[in-house]
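Q: You'll find input01.cif just under this line, and it carries mmCIF, C-alpha atoms.
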```
data_structure
#
loop_
_atom_site.label_atom_id
_atom_site.label_comp_id
_atom_site.auth_asym_id
_atom_site.auth_seq_id
_atom_site.Cartn_x
_atom_site.Cartn_y
_atom_site.Cartn_z
CA MET A 45 0.00 0.00 0.00
CA ASP A 46 1.56 3.30 -1.04
CA ASP A 47 1.22 6.60 0.78
CA ALA A 48 -1.70 7.76 -1.35
CA GLU A 49 -3.62 4.53 -0.72
CA LEU A 50 -2.91 4.77 2.98
CA THR A 51 -4.19 8.34 3.05
CA LEU A 52 -7.35 7.41 1.18
CA ALA A 53 -7.98 4.45 3.45
CA HIS A 54 -7.42 6.61 6.50
CA ASP A 55 -9.75 9.33 5.21
CA ALA A 56 -12.45 6.78 4.42
CA ALA A 57 -12.11 5.27 7.86
CA LEU A 58 -12.42 8.68 9.47
CA ALA A 59 -15.36 9.97 7.46
CA GLY A 60 -17.95 7.94 9.37
CA PRO A 61 -16.68 8.66 12.88
CA VAL A 62 -16.22 12.36 12.16
CA ALA A 63 -19.74 12.69 10.77
CA GLU A 64 -21.18 10.76 13.68
CA SER A 65 -19.21 12.84 16.16
CA LEU A 66 -20.85 15.87 14.58
CA ASP A 67 -24.21 14.15 15.00
CA ALA A 68 -23.34 13.61 18.66
CA GLN A 69 -22.43 17.27 19.08
CA ALA A 70 -25.69 18.34 17.44
CA LEU A 71 -27.67 16.07 19.76
CA LEU A 72 -25.70 17.35 22.71
CA SER A 73 -26.44 20.95 21.78
CA ARG A 74 -30.13 20.04 21.95
CA GLY A 75 -29.66 18.57 25.39
CA ASP A 76 -30.07 14.98 24.23
CA ARG A 77 -27.28 13.33 26.22
CA ARG A 78 -28.62 9.84 25.67
CA GLY A 79 -28.83 10.35 21.92
CA ALA A 80 -25.35 11.85 21.89
CA ILE A 81 -23.91 8.84 23.69
CA ALA A 82 -25.70 6.50 21.29
CA ALA A 83 -24.16 8.38 18.36
CA LEU A 84 -20.74 8.28 19.99
CA MET A 85 -21.04 4.54 20.55
CA ASP A 86 -21.86 4.11 16.86
CA ALA A 87 -18.96 6.32 15.84
CA HIS A 88 -16.24 5.29 18.23
CA GLY A 89 -17.32 2.15 20.05
CA GLU A 90 -15.24 -0.29 18.05
CA ALA A 91 -12.19 1.97 18.09
CA VAL A 92 -12.42 2.34 21.86
CA PHE A 93 -12.92 -1.41 22.21
CA GLY A 94 -9.94 -2.13 19.95
CA PHE A 95 -7.81 0.25 21.99
CA CYS A 96 -8.87 -1.42 25.24
CA VAL A 97 -8.35 -4.94 23.92
CA ARG A 98 -4.84 -4.04 22.82
CA ILE A 99 -4.02 -2.37 26.10
CA LEU A 100 -5.58 -5.01 28.34
CA GLY A 101 -5.11 -8.14 26.23
CA ASP A 102 -8.42 -9.42 27.57
CA ARG A 103 -11.63 -9.13 25.55
CA ALA A 104 -14.02 -9.62 28.47
CA LEU A 105 -12.27 -7.04 30.60
CA ALA A 106 -12.05 -4.71 27.61
CA GLU A 107 -15.80 -5.00 27.14
CA ASP A 108 -16.43 -4.13 30.77
CA VAL A 109 -14.18 -1.09 30.36
CA LEU A 110 -15.84 -0.18 27.07
CA GLN A 111 -19.23 0.02 28.74
CA GLN A 112 -17.74 1.89 31.67
CA VAL A 113 -16.20 4.45 29.28
CA PHE A 114 -19.52 5.31 27.68
CA LEU A 115 -21.40 5.38 30.96
CA GLU A 116 -18.77 7.75 32.29
CA ALA A 117 -19.04 9.78 29.09
CA HIS A 118 -22.80 10.01 29.62
CA ARG A 119 -22.26 11.17 33.18
CA ASP A 120 -19.62 13.76 32.29
CA ILE A 121 -20.52 14.92 28.80
CA ASP A 122 -21.97 18.17 30.11
CA ARG A 123 -18.45 19.01 31.21
CA TYR A 124 -16.99 18.37 27.75
CA GLN A 125 -15.71 21.76 26.65
CA GLY A 126 -14.69 21.05 23.09
CA ARG A 127 -11.01 21.63 23.67
CA SER A 128 -10.31 18.31 21.98
CA SER A 129 -12.33 16.17 19.63
CA LEU A 130 -14.93 13.90 21.15
CA SER A 131 -12.84 10.98 19.93
CA THR A 132 -9.82 12.24 21.86
CA TRP A 133 -11.99 12.91 24.90
CA LEU A 134 -13.30 9.34 24.78
CA LYS A 135 -9.81 7.92 24.36
CA GLY A 136 -8.78 9.92 27.40
CA ILE A 137 -11.51 8.31 29.47
CA ALA A 138 -10.61 4.91 28.01
CA SER A 139 -6.94 5.39 28.87
CA HIS A 140 -7.72 6.16 32.48
CA ARG A 141 -10.18 3.31 32.84
CA CYS A 142 -7.73 0.88 31.20
CA LYS A 143 -5.06 1.99 33.65
CA ASP A 144 -7.50 1.43 36.52
CA ALA A 145 -8.35 -2.00 35.14
CA ILE A 146 -4.67 -2.91 34.83
CA LYS A 147 -4.07 -1.91 38.44
CA ALA A 148 -7.13 -3.78 39.64
CA ARG A 149 -6.13 -6.85 37.66
CA LYS A 150 -2.63 -6.82 39.10
CA ARG A 151 -4.04 -6.68 42.59
CA ARG A 152 -6.53 -9.41 41.78
CA GLU A 153 -3.92 -11.60 40.11
CA GLN A 154 -1.75 -11.40 43.16
CA ARG A 155 -4.60 -12.71 45.22
CA LEU A 156 -7.09 -14.51 43.09
CA GLU A 157 -6.47 -15.72 39.62
CA SER A 158 -4.36 -15.40 36.52
CA ASN A 159 -5.61 -14.10 33.22
CA GLU A 160 -4.81 -15.36 29.79
CA ARG A 161 -4.08 -12.81 27.14
CA ALA A 162 -6.79 -12.61 24.56
CA THR A 163 -6.19 -13.38 20.95
CA LEU A 164 -7.41 -10.59 18.74
CA ASP A 165 -9.79 -11.32 15.93
CA VAL A 166 -7.95 -11.54 12.67
CA ALA A 167 -9.63 -12.67 9.51
CA ASP A 168 -8.91 -16.31 8.74
CA PRO A 169 -6.25 -16.15 6.09
CA GLY A 170 -6.74 -19.74 4.99
CA ALA A 171 -8.63 -19.14 1.76
CA ALA A 172 -7.32 -15.67 1.04
CA PRO A 173 -5.07 -14.70 -1.83
CA LEU A 174 -1.38 -14.68 -1.08
CA GLU A 175 -1.27 -10.93 -0.54
CA ARG A 176 -4.07 -11.03 2.04
CA LEU A 177 -2.46 -14.02 3.68
CA GLU A 178 0.77 -12.11 4.06
CA HIS A 179 -1.07 -9.07 5.39
CA ALA A 180 -2.99 -11.18 7.89
CA ARG A 181 0.25 -12.73 9.10
CA LEU A 182 1.77 -9.30 9.36
CA VAL A 183 -1.15 -8.05 11.43
CA VAL A 184 -0.84 -11.02 13.77
CA ALA A 185 2.90 -10.41 14.06
CA LEU A 186 2.38 -6.72 14.77
CA GLU A 187 -0.27 -7.43 17.40
CA ASP A 188 2.14 -9.82 19.07
CA CYS A 189 4.99 -7.31 18.92
CA LEU A 190 2.76 -4.67 20.51
CA THR A 191 2.15 -6.97 23.45
CA LYS A 192 5.92 -7.01 24.09
CA LEU A 193 5.82 -3.31 24.92
CA SER A 194 5.03 -2.17 28.42
CA ASP A 195 1.48 -0.97 29.04
CA ASP A 196 2.44 2.71 29.06
CA VAL A 197 4.55 2.46 25.92
CA ARG A 198 1.92 0.45 24.06
CA MET A 199 -0.72 3.00 25.04
CA SER A 200 1.48 5.84 23.77
CA VAL A 201 2.19 4.15 20.44
CA LEU A 202 -1.47 3.36 19.87
CA LEU A 203 -2.64 6.85 20.76
CA ARG A 204 0.00 8.36 18.48
CA PHE A 205 -0.42 6.20 15.41
CA ARG A 206 -3.70 4.33 15.77
CA SER A 207 -5.70 7.21 17.21
CA ASP A 208 -3.68 9.90 15.43
CA MET A 209 -3.38 12.08 18.51
CA THR A 210 -0.98 14.98 18.82
CA TYR A 211 1.59 14.86 21.60
CA GLU A 212 -0.22 17.68 23.33
CA GLU A 213 -3.41 15.63 23.35
CA MET A 214 -1.51 12.56 24.50
CA ALA A 215 0.09 14.53 27.31
CA GLY A 216 -3.34 15.47 28.57
CA VAL A 217 -4.63 11.93 28.32
CA LEU A 218 -1.62 10.17 29.80
CA ASP A 219 -0.68 12.73 32.46
CA ALA A 220 2.83 12.91 31.02
CA ASN A 221 4.76 15.70 29.40
CA ALA A 222 5.14 15.83 25.65
CA ASP A 223 8.95 15.56 25.74
CA ALA A 224 8.76 12.29 27.63
CA LEU A 225 6.20 10.99 25.16
CA HIS A 226 8.38 11.97 22.18
CA ALA A 227 11.15 9.88 23.69
CA ARG A 228 8.86 7.01 24.60
CA VAL A 229 7.43 6.68 21.10
CA SER A 230 10.73 7.17 19.28
CA ARG A 231 12.31 4.40 21.34
CA ALA A 232 9.39 2.07 20.82
CA LEU A 233 9.39 2.22 17.03
CA PRO A 234 12.82 0.58 16.49
CA VAL A 235 11.81 -2.08 19.03
CA LEU A 236 8.67 -2.83 17.05
CA LYS A 237 10.61 -2.81 13.80
CA ARG A 238 13.17 -5.29 15.11
CA CYS A 239 10.41 -7.49 16.50
CA LEU A 240 8.63 -7.56 13.15
CA GLU A 241 11.87 -8.25 11.31
CA ALA A 242 12.52 -11.17 13.62
CA LYS A 243 9.12 -12.51 12.58
CA GLY A 244 10.02 -12.29 8.92
CA TRP A 245 8.92 -8.78 7.97
CA ASN A 246 11.10 -7.83 5.06
CA ARG A 247 9.77 -4.88 3.13
CA MET B 180 18.29 -4.38 10.74
CA SER B 181 17.54 -1.18 12.63
CA GLU B 182 20.38 1.23 12.84
CA PRO B 183 21.38 1.85 16.45
CA ASN B 184 20.66 5.56 16.20
CA ASP B 185 17.20 5.26 14.66
CA HIS B 186 15.58 6.44 17.82
CA GLU B 187 17.59 9.67 17.69
CA TRP B 188 16.27 10.82 14.35
CA LEU B 189 12.85 9.46 15.20
CA LEU B 190 12.92 11.58 18.33
CA ALA B 191 13.84 14.60 16.22
CA ARG B 192 11.04 13.80 13.80
CA GLU B 193 8.51 13.44 16.61
CA ARG B 194 9.60 16.84 17.87
CA GLY B 195 8.81 18.23 14.44
CA GLU B 196 12.42 18.74 13.36
CA ASP B 197 13.74 18.24 9.86
CA VAL B 198 14.97 14.70 9.23
CA SER B 199 15.44 14.91 5.49
CA HIS B 200 19.08 13.93 5.95
CA VAL B 201 17.97 10.41 6.92
CA ALA B 202 17.94 7.92 4.06
CA LYS B 203 14.58 7.83 2.30
CA ALA B 204 14.40 4.04 2.53
CA THR B 205 14.92 4.18 6.29
CA ARG B 206 12.19 6.75 6.70
CA ALA B 207 9.90 4.73 4.44
CA THR B 208 10.32 1.64 6.59
CA TYR B 209 9.05 3.46 9.65
CA ALA B 210 6.31 5.13 7.65
CA GLU B 211 5.11 1.69 6.60
CA LEU B 212 5.28 0.43 10.18
CA GLU B 213 3.25 3.39 11.37
CA GLY B 214 0.78 2.81 8.55
CA LEU B 215 0.38 -0.76 9.68
CA ILE B 216 -0.37 0.37 13.22
CA ALA B 217 -2.86 2.93 11.93
CA ALA B 218 -4.63 0.31 9.85
CA LEU B 219 -4.86 -2.41 12.50
CA PRO B 220 -8.37 -3.83 12.39
CA ASP B 221 -10.58 -3.11 15.37
CA PRO B 222 -12.14 -6.17 16.97
CA THR B 223 -15.89 -6.12 17.47
CA PRO B 224 -17.45 -6.16 20.93
CA SER B 225 -20.22 -8.65 21.61
CA PRO B 226 -23.62 -7.91 20.08
CA GLY B 227 -25.91 -5.79 22.16
CA TRP B 228 -23.25 -3.93 24.11
CA LYS B 229 -24.68 -0.56 23.12
CA ALA B 230 -28.14 -1.61 24.24
CA ARG B 231 -26.70 -2.67 27.58
CA VAL B 232 -25.06 0.74 28.07
CA LEU B 233 -28.32 2.50 27.18
CA ASP B 234 -30.20 0.18 29.51
CA VAL B 235 -27.97 1.21 32.41
CA ILE B 236 -28.46 4.87 31.42
CA ASP B 237 -32.21 4.40 31.28
CA HIS B 238 -32.38 2.43 34.53
CA PRO B 239 -29.77 3.83 36.91
CA ALA B 240 -29.27 2.19 40.27
CA PRO B 241 -31.74 3.60 42.75
CA ALA B 242 -30.48 6.38 44.97
CA ALA B 243 -30.11 5.70 48.65
CA PRO B 244 -33.31 6.50 50.52
CA PRO B 245 -33.06 9.54 52.72
CA ALA B 246 -32.78 8.97 56.44
CA PRO B 247 -36.17 9.10 58.10
CA ALA B 248 -36.80 12.45 59.72
CA ARG B 249 -37.80 12.27 63.36
CA SER B 250 -38.20 15.96 63.67
CA LYS B 251 -37.60 18.93 61.49
CA ARG B 252 -34.72 20.06 63.64
CA ARG B 253 -33.04 16.67 63.71
CA TRP B 254 -33.45 16.31 59.93
CA ALA B 255 -31.84 19.69 59.36
CA ALA B 256 -28.86 18.73 61.48
CA ALA B 257 -28.46 15.46 59.63
CA ALA B 258 -28.68 17.13 56.24
CA ALA B 259 -25.88 19.46 57.18
CA GLY B 260 -23.68 16.63 58.31
CA VAL B 261 -24.09 14.15 55.48
CA ALA B 262 -22.30 14.12 52.20
CA VAL B 263 -22.21 11.34 49.71
CA ALA B 264 -19.17 10.56 47.65
CA ALA B 265 -19.07 7.95 44.93
CA VAL B 266 -15.84 6.01 45.16
CA GLY B 267 -16.56 2.79 43.30
CA VAL B 268 -13.21 1.53 42.04
CA LEU B 269 -14.38 -1.08 39.59
CA VAL B 270 -17.96 -1.22 38.49
CA LEU B 271 -19.29 -4.25 36.67
CA TYR B 272 -21.91 -3.70 34.04
CA PRO B 273 -24.17 -6.32 32.54
CA ARG B 274 -22.73 -8.34 29.73
CA HIS B 275 -24.27 -11.35 28.08
CA ARG B 276 -22.17 -14.46 28.30
CA ASP B 277 -23.03 -17.15 25.81
CA GLY B 278 -26.72 -17.12 26.58
CA ARG B 279 -26.21 -17.56 30.29
CA GLY B 280 -28.06 -14.41 31.17
CA VAL B 281 -26.73 -11.00 32.01
CA GLU B 282 -23.88 -10.37 34.36
CA PRO B 283 -24.69 -8.56 37.58
CA ILE B 284 -24.15 -4.85 38.06
CA ALA B 285 -22.48 -3.75 41.28
CA THR B 286 -21.51 -0.30 42.45
CA THR B 287 -20.19 1.08 45.69
CA GLU B 288 -20.18 4.48 47.27
CA ILE B 289 -19.16 5.98 50.56
CA ARG B 290 -21.79 7.93 52.46
CA ARG B 291 -19.99 10.37 54.65
CA SER B 292 -21.49 10.95 58.04
CA HIS B 293 -19.01 13.46 59.45
CA ALA B 294 -16.89 16.34 58.25
CA PRO B 295 -18.96 17.12 55.19
CA HIS B 296 -16.24 19.19 53.55
CA ARG B 297 -13.51 16.57 54.01
CA ALA B 298 -11.82 15.57 50.77
CA GLY B 299 -10.43 12.16 49.97
CA GLY B 300 -11.69 8.65 50.56
CA ALA B 301 -13.52 6.84 53.28
CA ALA B 302 -13.05 7.34 57.00
CA VAL B 303 -14.04 5.42 60.08
CA GLY B 304 -17.68 6.18 60.78
CA ASP B 305 -18.64 6.50 57.12
CA THR B 306 -21.07 4.07 55.56
CA LEU B 307 -20.15 1.81 52.68
CA VAL B 308 -23.16 1.41 50.41
CA VAL B 309 -23.10 -1.42 47.89
CA ARG B 310 -25.84 -1.68 45.29
CA ALA B 311 -26.28 -4.49 42.84
CA ALA B 312 -28.78 -5.70 40.32
CA ALA B 313 -28.86 -9.18 38.86
CA ASP B 314 -31.10 -11.59 37.04
CA ARG B 315 -30.15 -14.38 39.43
CA PRO B 316 -29.46 -14.68 43.14
CA ILE B 317 -26.08 -13.28 44.01
CA GLU B 318 -24.25 -12.58 47.23
CA LEU B 319 -22.33 -9.46 48.13
CA ARG B 320 -19.58 -9.81 50.68
CA VAL B 321 -17.34 -7.27 52.32
CA TYR B 322 -13.95 -8.13 53.82
CA GLY B 323 -11.72 -6.11 56.11
CA ASP B 324 -8.05 -5.24 56.19
CA ALA B 325 -6.99 -8.71 57.35
CA ASP B 326 -9.35 -10.32 54.85
CA GLU B 327 -11.76 -11.02 57.67
CA PRO B 328 -15.47 -11.14 56.80
CA LEU B 329 -17.40 -8.00 57.69
CA ALA B 330 -20.78 -8.36 56.07
CA ARG B 331 -22.74 -10.33 53.55
CA CYS B 332 -25.90 -9.64 51.64
CA PRO B 333 -28.22 -11.42 51.97
CA GLY B 334 -27.37 -12.35 55.51
CA VAL B 335 -26.98 -9.31 57.72
CA THR B 336 -28.97 -6.41 59.03
CA GLY B 337 -28.51 -3.57 56.62
CA CYS B 338 -29.10 -5.73 53.58
CA THR B 339 -32.23 -5.42 51.53
CA VAL B 340 -33.18 -7.47 48.50
CA ALA B 341 -36.13 -6.48 46.32
CA ARG B 342 -37.49 -7.86 43.10
CA ASP B 343 -37.79 -5.35 40.25
CA GLY B 344 -39.30 -7.06 37.24
CA GLU B 345 -36.85 -9.72 36.13
CA HIS B 346 -34.11 -8.35 38.33
CA LEU B 347 -33.21 -8.63 41.97
CA ARG B 348 -31.90 -5.41 43.48
CA TYR B 349 -29.56 -5.59 46.45
CA VAL B 350 -28.53 -2.80 48.78
CA LEU B 351 -26.02 -3.38 51.56
CA GLU B 352 -25.12 -0.64 54.03
CA LEU B 353 -22.17 -1.17 56.33
CA THR B 354 -20.74 1.29 58.82
CA LEU B 355 -16.95 1.31 58.54
CA ARG B 356 -15.53 0.79 62.02
CA SER B 357 -11.79 0.34 61.47
CA HIS B 358 -8.95 1.62 59.34
CA GLY B 359 -7.43 -0.23 56.41
CA THR B 360 -8.50 -1.84 53.18
CA VAL B 361 -12.09 -2.88 52.65
CA ARG B 362 -12.85 -5.15 49.72
CA THR B 363 -16.27 -5.69 48.24
CA MET B 364 -16.81 -8.95 46.40
CA LEU B 365 -19.65 -10.29 44.34
CA PHE B 366 -20.36 -14.02 44.16
CA ALA B 367 -22.61 -15.29 41.40
CA SER B 368 -23.34 -18.61 39.80
CA ASP B 369 -23.71 -18.84 36.04
CA SER B 370 -27.19 -20.20 36.34
CA THR B 371 -30.18 -17.90 36.44
CA SER B 372 -32.14 -20.70 38.06
CA ALA B 373 -29.81 -21.23 41.00
CA SER B 374 -31.51 -20.79 44.34
CA SER B 375 -28.35 -19.57 46.02
CA PRO B 376 -25.14 -18.29 44.49
CA ALA B 377 -22.73 -19.04 47.25
CA PRO B 378 -23.40 -21.94 49.56
CA ILE B 379 -19.92 -21.45 50.90
CA ALA B 380 -18.44 -20.63 54.24
CA PHE B 381 -17.84 -17.06 55.28
CA ARG B 382 -14.32 -17.32 56.70
CA SER B 383 -11.85 -15.12 54.86
CA LEU B 384 -11.40 -13.58 51.43
CA ASP B 385 -8.94 -16.13 50.09
CA ALA B 386 -10.70 -19.15 51.59
CA ASP B 387 -14.09 -18.01 50.34
CA VAL B 388 -12.82 -17.28 46.84
CA ASP B 389 -11.08 -20.64 46.68
CA ALA B 390 -14.24 -22.37 47.85
CA ALA B 391 -16.32 -20.48 45.32
CA HIS B 392 -14.03 -21.42 42.46
CA ALA B 393 -14.09 -25.04 43.58
CA GLN B 394 -17.88 -24.94 43.27
CA GLY B 395 -17.88 -23.17 39.92
CA ILE B 396 -19.10 -19.92 41.43
CA ASP B 397 -17.81 -16.71 39.95
CA ALA B 398 -16.07 -14.46 42.48
CA ARG B 399 -15.37 -10.91 41.43
CA GLN B 400 -13.90 -7.92 43.15
CA VAL B 401 -16.27 -4.97 42.92
CA ALA B 402 -14.24 -2.32 44.70
CA ILE B 403 -11.41 -1.61 47.08
CA ASP B 404 -11.82 1.22 49.54
CA GLN B 405 -9.15 2.60 51.81
CA VAL B 406 -10.53 3.63 55.18
CA GLN B 407 -8.50 6.37 56.81
#
```
Give the structure from this file in structure tokens form.

A:
Amino acid sequence: MDDAELTLAHDAALAGPVAESLDAQALLSRGDRRGAIAALMDAHGEAVFGFCVRILGDRALAEDVLQQVFLEAHRDIDRYQGRSSLSTWLKGIASHRCKDAIKARKRREQRLESNERATLDVADPGAAPLERLEHARLVVALEDCLTKLSDDVRMSVLLRFRSDMTYEEMAGVLDANADALHARVSRALPVLKRCLEAKGWNR
Amino acid sequence: MSEPNDHEWLLARERGEDVSHVAKATRATYAELEGLIAALPDPTPSPGWKARVLDVIDHPAPAAPPAPARSKRRWAAAAAGVAVAAVGVLVLYPRHRDGRGVEPIATTEIRRSHAPHRAGGAAVGDTLVVRAAADRPIELRVYGDADEPLARCPGVTGCTVARDGEHLRYVLELTLRSHGTVRTMLFASDSTSASSPAPIAFRSLDADVDAAHAQGIDARQVAIDQVQ
């Protein structure tokens, strides 16, 4: 996929969420908090869930957090001041709730039970053309490499490149300063690259 | 192979500095990696999750009933001295699990009975209020700092259970009488037809959780509160 294709794919992926975020803002301006949350769930639910699954490595826990994020959004949406996009605002809530869930899980694991990491859904590559097969393998490899990063680093990389946040937005979400996040992300990328290369990525 | 100083120019790039001196192929490799991250497919949550969120929005847990007023003057004094602070650490929301019904909801809050303007968490003398709703019998249990049992619901004074349509609604109120960690647990069987979720002893957190697991009963931590 060349740069132009990537840009087009990215724009197409964003068009729905952006439009639905606008719907949510219109509903919110009419005082319809419930409708706004429904629109936000349509627009950003899967992205928030994907973020949480990748951070937590546990689909069931991620789904609990997903629901918690939107209930919290419903509770607090009157305080949303438009200083960031609704998507960024939701990812901020998700980041905090994922951190809480990680802490709670660590405490629980110490006392109660262990958790297996979830396997993310990836399309079955069995009957796909060679190119799709290779892409599916690459996605699986990348997902695995992401799990090798620490929780904080993985969260930073995903917010930067998957959620397309600025460092200023990330700083607000992660309670860290932008300089530290620059360093965190720039160190993580060569680690991911080496990990992928070790799994056969050879562009 | 990655060059050892990749992170240095990447750091410069992330700071918005010019990195045109870096080989185009090297930059392209990272651009492709970042494109792959951007294009990772999002997994899909289980069907009906949005409806479950809206259901919780439409049917919030009932608020705690106000304390009965014995006289106007006494009520006024109580109103001045009571503040409620929500401090639920982990709240469980309903989630379908393979047709085995809907998972229970549980929330906790601390009802402050003294020092209404005090910030922070719970204090001795405050009341821990646990609310839950479930489509099957469940049991709420609270354990103290040494994992000792403090209260269970059903089973103690301060616990009420009421049927609300297809759901059972539980409210447990417990006055916090000592410092330390207080853990709220929820025990539930997978079966909506079970008559009792936790026919297990009430000895200590670890023993009870082990016993629950041995009987196939789900034991979940609802919240941890630090009592100052």

Q: Assuming the chain letters and numbering stay as they are in my file, what does the PyMOL selection byres ((chain A) within 7 of (chain B)) actually select? List them as a PyMOL selection string.

A: chain A and resi 50+85+90-91+93-94+107-108+111+115+164-165+183+205-206+226-227+230-231+234+238

Q: Check which residues satisfy the PyMOL selection byres ((chain A and resi 188) around 10) in the file shown, then give them as a ChimeraX atom specification.

A: /A:98,163-164,182-187,189-193,236,239-240,243

Q: So how many Å separate atom CA of Gln125 of chain A and atom CA of Val92 of chain A, to one decimal?

A: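 Going from atom CA of Gln125 of chain A over to atom CA of Val92 of chain A, I get 20.3 Å.
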
Q: I want to know what sits within 8 Å of Val308 of chain B, based on all atoms listed in the file, with residues of the same chain fewer than 5 positions away left out; could you give that as a list in words?

A: Thr287, Glu288, Ile289, Arg290, Val350, Leu351, Glu352 and Leu353 of chain B

Q: Selected residues, C-alpha atoms, written as an mmCIF file, in the frame of the given file, please.

A:
```
data_model
loop_
_atom_site.group_PDB
_atom_site.id
_atom_site.type_symbol
_atom_site.label_atom_id
_atom_site.label_comp_id
_atom_site.auth_asym_id
_atom_site.auth_seq_id
_atom_site.Cartn_x
_atom_site.Cartn_y
_atom_site.Cartn_z
ATOM 1 C CA THR B 287 -20.190 1.080 45.690
ATOM 2 C CA GLU B 288 -20.180 4.480 47.270
ATOM 3 C CA ILE B 289 -19.160 5.980 50.560
ATOM 4 C CA ARG B 290 -21.790 7.930 52.460
ATOM 5 C CA VAL B 350 -28.530 -2.800 48.780
ATOM 6 C CA LEU B 351 -26.020 -3.380 51.560
ATOM 7 C CA GLU B 352 -25.120 -0.640 54.030
ATOM 8 C CA LEU B 353 -22.170 -1.170 56.330
#
```

Q: Please write as a VMD selection string the full residue list that the PyMOL selection byres ((chain B and resi 314) around 6) yields on this file.

A: chain B and resid 313 315 346

Q: List as a ChimeraX atom specification the protein and nucleic acid residues near Asp219 of chain A, meaning an atom at most 10 Å away when all atoms listed in the file are counted, but skip any in the same chain fewer than 4 places from it.

A: /A:136,140,213-215

Q: Quick one: pull the distance between atom CA of Lys150 of chain A and atom CA of Ala224 of chain A, Å, one decimal.

A: 25.0 Å
